[in-house]
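Structure data (compact mmCIF, C-alpha atoms) from data-v2.txt:
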```txt
# COMPACT_ATOMS: atom_id res chain seq x y z
CA MET A 1 -8.05 0.37 7.51
CA ILE A 2 -4.54 1.44 6.41
CA THR A 3 -1.80 -0.99 7.45
CA GLU A 4 1.60 0.32 8.55
CA ASP A 5 4.10 -1.62 6.42
CA GLN A 6 6.29 0.52 4.21
CA TYR A 7 6.16 0.83 0.46
CA PHE A 8 9.67 -0.23 -0.59
CA LEU A 9 10.49 2.98 -2.45
CA GLY A 10 9.01 5.41 0.06
CA TYR A 11 7.03 8.58 -0.51
CA ARG A 12 8.81 11.77 -1.53
CA SER A 13 8.50 14.32 -4.29
CA ALA A 14 11.14 12.66 -6.49
CA GLU A 15 9.32 9.34 -6.27
CA TRP A 16 6.01 10.95 -7.21
CA GLN A 17 7.68 12.51 -10.25
CA ARG A 18 9.23 9.16 -11.18
CA LEU A 19 5.81 7.50 -10.96
CA ARG A 20 4.29 10.16 -13.24
CA GLU A 21 7.04 9.58 -15.81
CA GLN A 22 6.62 5.83 -15.42
CA ALA A 23 2.89 6.14 -16.14
CA GLU A 24 3.64 7.90 -19.42
CA ASP A 25 6.40 5.43 -20.29
CA PHE A 26 4.13 2.44 -19.73
CA GLU A 27 1.11 3.85 -21.58
CA PRO A 28 1.56 1.49 -24.58
CA GLU A 29 1.87 -1.54 -22.28
CA ALA A 30 -1.19 -0.51 -20.29
CA ALA A 31 -3.17 -0.05 -23.50
CA TRP A 32 -2.12 -3.48 -24.75
CA LEU A 33 -3.14 -5.13 -21.48
CA PHE A 34 -6.54 -3.45 -21.32
CA ASP A 35 -7.18 -4.34 -24.97
CA GLN A 36 -7.31 -7.99 -23.87
CA PHE A 37 -10.68 -7.39 -22.19
CA GLY A 38 -12.56 -6.05 -25.19
CA ARG A 39 -14.81 -3.04 -24.97
CA LEU A 40 -15.21 -1.66 -21.47
CA ASP A 41 -17.91 0.92 -22.22
CA GLY A 42 -20.19 1.30 -19.22
CA LYS A 43 -18.14 -1.12 -17.11
CA SER A 44 -16.91 -0.69 -13.53
CA VAL A 45 -13.17 -0.85 -12.87
CA VAL A 46 -10.94 -0.66 -9.80
CA GLU A 47 -7.24 0.21 -9.91
CA LEU A 48 -5.30 -0.64 -6.75
CA GLY A 49 -2.30 1.44 -5.69
CA VAL A 50 -2.71 4.32 -8.13
CA GLY A 51 -0.02 6.55 -6.60
CA PRO A 52 -0.21 10.07 -8.04
CA ARG A 53 -1.72 8.95 -11.36
CA GLY A 54 -1.70 5.26 -12.22
CA CYS A 55 -3.75 4.27 -15.28
CA LEU A 56 -6.75 6.38 -14.31
CA ASP A 57 -6.94 8.39 -17.54
CA GLU A 58 -6.56 5.32 -19.76
CA LEU A 59 -9.26 3.45 -17.84
CA ALA A 60 -11.59 6.47 -17.75
CA ALA A 61 -11.46 6.74 -21.54
CA ARG A 62 -12.20 3.05 -21.95
CA VAL A 63 -15.25 2.87 -19.65
CA GLY A 64 -16.70 6.10 -21.05
CA PRO A 65 -19.21 8.43 -19.41
CA ASP A 66 -21.52 5.57 -18.42
CA GLY A 67 -18.75 3.61 -16.69
CA THR A 68 -16.93 4.13 -13.41
CA VAL A 69 -13.32 3.91 -12.31
CA ILE A 70 -12.31 3.75 -8.65
CA GLY A 71 -8.66 4.32 -7.74
CA VAL A 72 -7.44 3.14 -4.34
CA GLU A 73 -4.25 4.52 -2.75
CA ARG A 74 -2.92 4.18 0.81
CA ASP A 75 -0.62 7.24 0.95
CA ALA A 76 -2.63 10.35 1.81
CA GLU A 77 -0.44 12.78 -0.15
CA SER A 78 -0.54 10.51 -3.21
CA VAL A 79 -4.33 10.46 -2.92
CA GLU A 80 -4.42 14.26 -3.09
CA LEU A 81 -2.09 14.26 -6.11
CA ALA A 82 -4.23 11.65 -7.87
CA ARG A 83 -7.39 13.64 -7.14
CA LYS A 84 -5.74 16.74 -8.59
CA PHE A 85 -4.80 14.74 -11.68
CA VAL A 86 -8.44 13.64 -12.03
CA VAL A 87 -9.66 17.24 -11.78
CA ASP A 88 -7.00 18.58 -14.15
CA ARG A 89 -7.90 15.93 -16.75
CA THR A 90 -11.67 16.36 -16.16
CA LEU A 91 -12.09 12.65 -15.48
CA ASP A 92 -15.66 12.90 -14.25
CA ASN A 93 -16.11 9.12 -14.10
CA VAL A 94 -13.16 8.57 -11.71
CA ASP A 95 -13.22 8.47 -7.91
CA VAL A 96 -9.94 8.25 -5.97
CA ARG A 97 -10.26 6.81 -2.48
CA HIS A 98 -7.87 6.62 0.46
CA GLY A 99 -7.60 2.98 1.39
CA ASP A 100 -5.49 -0.16 1.64
CA ALA A 101 -5.25 -2.47 -1.36
CA ARG A 102 -5.44 -5.43 1.04
CA ALA A 103 -8.78 -4.31 2.51
CA THR A 104 -10.42 -1.69 0.32
CA GLY A 105 -13.84 -1.76 1.94
CA LEU A 106 -15.40 -1.91 -1.54
CA PRO A 107 -18.20 -4.41 -2.21
CA GLY A 108 -17.13 -7.86 -3.36
CA ASP A 109 -18.23 -9.55 -6.60
CA SER A 110 -18.93 -6.10 -8.06
CA PHE A 111 -16.35 -5.01 -10.65
CA ASP A 112 -15.80 -5.99 -14.26
CA LEU A 113 -12.04 -5.41 -14.06
CA VAL A 114 -9.64 -5.06 -11.12
CA THR A 115 -6.10 -4.03 -11.99
CA GLU A 116 -2.77 -3.08 -10.38
CA ARG A 117 0.69 -2.08 -11.58
CA LEU A 118 4.09 -2.51 -9.89
CA ILE A 119 2.91 -2.72 -6.30
CA LEU A 120 3.35 -6.38 -5.37
CA HIS A 121 7.15 -6.39 -5.70
CA ASN A 122 7.37 -3.31 -3.49
CA VAL A 123 5.37 -4.43 -0.44
CA PRO A 124 5.24 -7.39 1.97
CA ARG A 125 2.37 -9.91 1.89
CA PRO A 126 1.50 -9.42 -1.79
CA GLU A 127 -0.81 -12.43 -1.77
CA GLU A 128 -3.26 -10.42 0.35
CA ILE A 129 -3.55 -7.81 -2.41
CA VAL A 130 -4.17 -10.55 -4.98
CA ALA A 131 -6.88 -12.03 -2.74
CA GLU A 132 -8.58 -8.64 -2.39
CA ALA A 133 -8.49 -8.08 -6.14
CA VAL A 134 -10.14 -11.45 -6.74
CA ARG A 135 -12.74 -10.70 -4.06
CA LEU A 136 -13.67 -7.44 -5.75
CA ALA A 137 -14.11 -8.89 -9.24
CA ARG A 138 -17.59 -10.00 -10.22
CA PRO A 139 -18.05 -13.62 -11.33
CA GLY A 140 -16.90 -13.65 -14.94
CA GLY A 141 -14.87 -10.47 -14.39
CA TRP A 142 -11.15 -10.02 -14.92
CA VAL A 143 -8.15 -9.38 -12.67
CA ALA A 144 -5.02 -7.99 -14.34
CA PHE A 145 -1.59 -7.27 -12.87
CA HIS A 146 1.61 -5.73 -14.27
CA GLU A 147 4.54 -6.65 -12.03
CA GLY A 148 8.32 -6.49 -11.93
CA ASP A 149 11.03 -9.10 -11.47
CA ARG A 150 14.62 -8.00 -10.87
CA VAL A 151 16.04 -11.07 -12.64
CA GLY A 152 16.87 -9.25 -15.87
CA GLN A 153 18.23 -6.00 -14.44
CA VAL A 154 21.85 -5.60 -15.59
CA CYS A 155 24.13 -3.03 -17.18
CA ASP A 156 26.96 -3.33 -19.68
CA PRO A 157 29.77 -2.70 -19.22
CA PRO A 158 29.53 -3.92 -15.63
CA ALA A 159 30.17 -1.47 -12.80
CA GLU A 160 31.11 -1.97 -9.16
CA SER A 161 28.70 0.80 -8.16
CA TRP A 162 25.82 -1.02 -9.86
CA ASP A 163 26.65 -4.37 -8.24
CA ARG A 164 27.06 -2.93 -4.75
CA LEU A 165 23.84 -0.90 -4.82
CA MET A 166 21.97 -3.90 -6.21
CA GLU A 167 23.34 -5.93 -3.30
CA VAL A 168 22.39 -3.53 -0.50
CA THR A 169 18.91 -2.79 -1.87
CA GLN A 170 18.35 -6.54 -2.20
CA ARG A 171 19.41 -7.08 1.41
CA TYR A 172 17.06 -4.32 2.55
CA ALA A 173 14.18 -5.92 0.64
CA ASP A 174 14.92 -9.34 2.15
CA ARG A 175 14.99 -7.91 5.68
CA ASN A 176 11.59 -6.31 5.12
CA HIS A 177 9.96 -9.38 3.54
CA ILE A 178 9.69 -7.77 0.12
CA ASN A 179 10.11 -10.04 -2.90
CA VAL A 180 11.66 -8.09 -5.77
CA PHE A 181 11.36 -11.23 -7.93
CA MET A 182 7.57 -11.20 -7.72
CA GLY A 183 6.98 -11.21 -11.48
CA ARG A 184 7.81 -14.90 -11.87
CA ARG A 185 5.39 -15.78 -9.07
CA LEU A 186 2.50 -13.80 -10.46
CA PRO A 187 0.83 -16.43 -12.71
CA GLY A 188 0.90 -18.98 -9.90
CA LEU A 189 -0.50 -16.47 -7.40
CA LEU A 190 -3.43 -15.74 -9.70
CA ARG A 191 -4.19 -19.42 -10.20
CA ARG A 192 -3.96 -20.20 -6.49
CA ALA A 193 -6.30 -17.30 -5.79
CA GLY A 194 -8.94 -19.05 -7.89
CA LEU A 195 -8.67 -17.37 -11.30
CA VAL A 196 -9.04 -19.33 -14.51
CA ASP A 197 -7.91 -18.69 -18.09
CA VAL A 198 -4.71 -17.16 -16.75
CA ARG A 199 -2.53 -15.60 -19.46
CA VAL A 200 0.98 -14.16 -19.28
CA ARG A 201 3.00 -11.65 -21.32
CA PRO A 202 6.64 -10.72 -20.60
CA VAL A 203 7.97 -7.21 -21.25
CA LEU A 204 11.66 -6.27 -21.30
CA TYR A 205 13.43 -3.06 -22.30
CA ILE A 206 17.02 -2.57 -23.46
CA ASP A 207 18.01 1.08 -23.14
CA HIS A 208 21.17 1.85 -25.03
CA GLU A 209 20.59 5.56 -25.60
CA ALA A 210 21.71 8.00 -22.91
CA GLY A 211 19.02 10.21 -21.41
CA HIS A 212 16.10 7.80 -21.10
CA PRO A 213 14.68 7.96 -17.53
CA ARG A 214 14.33 4.18 -17.44
CA ARG A 215 18.14 3.89 -17.45
CA LEU A 216 18.17 5.57 -14.03
CA VAL A 217 15.80 3.19 -12.24
CA LEU A 218 18.43 1.63 -9.97
CA ALA A 219 19.93 5.03 -9.11
CA ASP A 220 16.46 6.43 -8.39
CA PHE A 221 15.47 3.42 -6.28
CA ALA A 222 18.69 3.64 -4.26
CA GLU A 223 18.22 7.38 -3.68
CA ASN A 224 14.67 6.76 -2.45
CA LEU A 225 16.02 4.19 0.02
CA ARG A 226 19.13 6.14 1.02
CA ASP A 227 18.17 7.10 4.56
CA ARG A 228 16.69 3.69 5.32
CA LEU A 229 19.73 1.84 3.98
CA ILE A 230 21.98 3.96 6.19
CA ALA A 231 19.72 3.64 9.25
CA SER A 232 19.69 -0.14 8.73
CA GLU A 233 23.52 -0.11 8.77
CA LEU A 234 23.67 -1.79 5.39
CA ILE A 235 25.93 0.96 4.07
CA THR A 236 27.59 4.10 5.37
CA ARG A 237 26.58 7.53 4.22
CA GLU A 238 30.01 8.11 2.73
CA GLU A 239 30.00 4.85 0.75
CA PHE A 240 26.47 5.43 -0.48
CA ASP A 241 27.22 8.94 -1.73
CA GLU A 242 30.38 7.77 -3.49
CA LEU A 243 28.65 4.80 -5.12
CA HIS A 244 25.60 6.78 -6.17
CA ALA A 245 27.74 9.46 -7.82
CA ALA A 246 29.77 6.79 -9.63
CA LEU A 247 26.63 4.98 -10.78
CA SER A 248 25.06 8.20 -12.04
CA ARG A 249 28.17 8.90 -14.12
CA HIS A 250 28.14 5.35 -15.50
CA LEU A 251 24.47 5.54 -16.49
CA ALA A 252 24.98 8.92 -18.16
CA ASP A 253 27.73 7.46 -20.35
CA PRO A 254 26.35 6.83 -23.87
CA GLY A 255 28.53 3.71 -24.00
CA THR A 256 26.50 2.06 -21.21
CA THR A 257 23.59 -0.24 -22.02
CA VAL A 258 20.93 -0.93 -19.39
CA VAL A 259 18.60 -3.94 -19.39
CA SER A 260 15.42 -3.36 -17.40
CA HIS A 261 13.55 -5.47 -14.90
CA LEU A 262 11.61 -8.29 -16.44
CA TYR A 263 8.03 -7.03 -16.35
CA VAL A 264 5.25 -9.61 -16.26
CA GLN A 265 1.68 -8.87 -17.28
CA ALA A 266 -0.64 -11.61 -16.06
CA TRP A 267 -4.41 -11.72 -16.03
CA GLY A 268 -7.21 -14.17 -15.38
CA ARG A 269 -10.96 -14.49 -15.07
CA LYS A 270 -12.99 -15.07 -11.92
CA PRO A 271 -15.15 -18.17 -12.43
CA GLU A 272 -18.87 -17.67 -13.00
```
Hey, can you dump this file as structure tokens for me?
Amino acid sequence: MITEDQYFLGYRSAEWQRLREQAEDFEPEAAWLFDQFGRLDGKSVVELGVGPRGCLDELAARVGPDGTVIGVERDAESVELARKFVVDRTLDNVDVRHGDARATGLPGDSFDLVTERLILHNVPRPEEIVAEAVRLARPGGWVAFHEGDRVGQVCDPPAESWDRLMEVTQRYADRNHINVFMGRRLPGLLRRAGLVDVRVRPVLYIDHEAGHPRRLVLADFAENLRDRLIASELITREEFDELHAALSRHLADPGTTVVSHLYVQAWGRKPE
């Protein structure tokens, strides 16, 4: 069953492209995280919320031809994009399924690794996704998450456009029961869900060179939310357009430094 709550950043072509670029940008972090579980040859893995790509290629290479990777995605168009990615990369051990990360319909106690990246801080009721991930893992298997926390997200020099768009996107998230500070909660969520041997690794980026796509995250997020922010009467169309143009100019300035979200990688083992 697919529930009806909205993914914070919406579904549009620009967001799909951002997610593809994000997947490439985070490849080293994904590799580091999956290294923590040793050899995965022949293992079974589930990735929740794969979007148009996720970590499917990285996981497919790690489980090898005798292993299996299942990707789960709730947005139908993203499913088709992910399936095309699988075909284009000849990932014969990957199966992308249309389903909800809260209720995948997959058998419980069955997978050696269940993983997810940057979904929990974009949707309401994230604890239900954690519970489903733990349900899917076999006893002794691992659950691994890579999540964001807005606490560290700043720019220097400061800009009114940055502060105002941070404010209105925060208010929209609060109204829709979305916790953009989820990263700090992640270790506790995993423990309360019953995992043991929980480990944590923080990741933070400082982008001081103009042109890196990561510098544009706030501008991209705001553009994704534009129509919903206006419909919610959190900002007028005229103010949004003026602020977004000003922010884009500020982020393009080589004298501007951008500090990313705090990203939190946390993982734990399901008891035998």
Selection: 10 Å around Leu229 (chain A), only C-alpha atoms, excl. self and same-chain fewer than 6 positions, as a compact mmCIF listing (two decimals) with C-alpha atoms, in the frame of the given file:
```txt
# COMPACT_ATOMS: atom_id res chain seq x y z
CA VAL A 168 22.39 -3.53 -0.50
CA THR A 169 18.91 -2.79 -1.87
CA ARG A 171 19.41 -7.08 1.41
CA TYR A 172 17.06 -4.32 2.55
CA ALA A 222 18.69 3.64 -4.26
CA GLU A 223 18.22 7.38 -3.68
CA ILE A 235 25.93 0.96 4.07
CA THR A 236 27.59 4.10 5.37
CA ARG A 237 26.58 7.53 4.22
CA PHE A 240 26.47 5.43 -0.48
```
Counting only C-alpha atoms, the option among A:Ile178, A:Leu59, A:Leu136, A:Val50 closest to Asp35 (chain A):
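Looking only at the distances to Asp35 (chain A), the closest residue turns out to be A:Leu59.
Residues in contact with Glu127 (chain A) at up to 12 Å, not including ones fewer than 2 positions away on its chain and judged by only C-alpha atoms, are Ala101, Arg102, Ile119, Leu120, His121, Val123, Pro124, Arg125, Ile129, Val130, Ala131, Glu132, Ala133, Val134, Ile178, Asn179, Met182, Arg185, Leu186, Pro187, Gly188, Leu189, Leu190, Arg191, Arg192 and Ala193 of chain A.
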Quick one, how far is CA of Asp100 (chain A) from CA of Arg74 (chain A)?
5.1 Å
Show me, as a list in words, the residues that have an atom within 8 Å of region 25-31 of chain A when counting all atoms listed in the file, minus same-chain residues fewer than 4 positions from it.
Glu21, Asp35, Cys55 and Glu58 of chain A
Using all atoms listed in the file for the distances, tell me which of A:His261, A:Arg135, A:His250, A:Arg83 is nearest to Tyr205 (chain A).
A:His261
I want to know what sits within 8 Å of Val94 (chain A), based on all atoms listed in the file, with residues of the same chain fewer than 5 positions away left out; could you give that as a list of chain:residue names?
A:Leu56, A:Ala60, A:Thr68, A:Val69, A:Ile70, A:Gly71, A:Val86
Have a look at A:Glu167, A:Glu272, A:Asp112, A:Asp220 and name the one nearest to Leu234 (chain A); count only C-alpha atoms.
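Closest to Leu234 (chain A) of all the choices is A:Glu167.
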Which value, in Å to one decimal, gives the distance between CA of Gly183 (chain A) and CA of Gln170 (chain A)?
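Atom-to-atom, CA of Gly183 (chain A) to CA of Gln170 (chain A), that is 15.4 Å.
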Rounded to one decimal, what separation in Å do you get between CA of Glu238 (chain A) and CA of Thr257 (chain A)?
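Value for the CA of Glu238 (chain A)-CA of Thr257 (chain A) distance: 26.9 Å.
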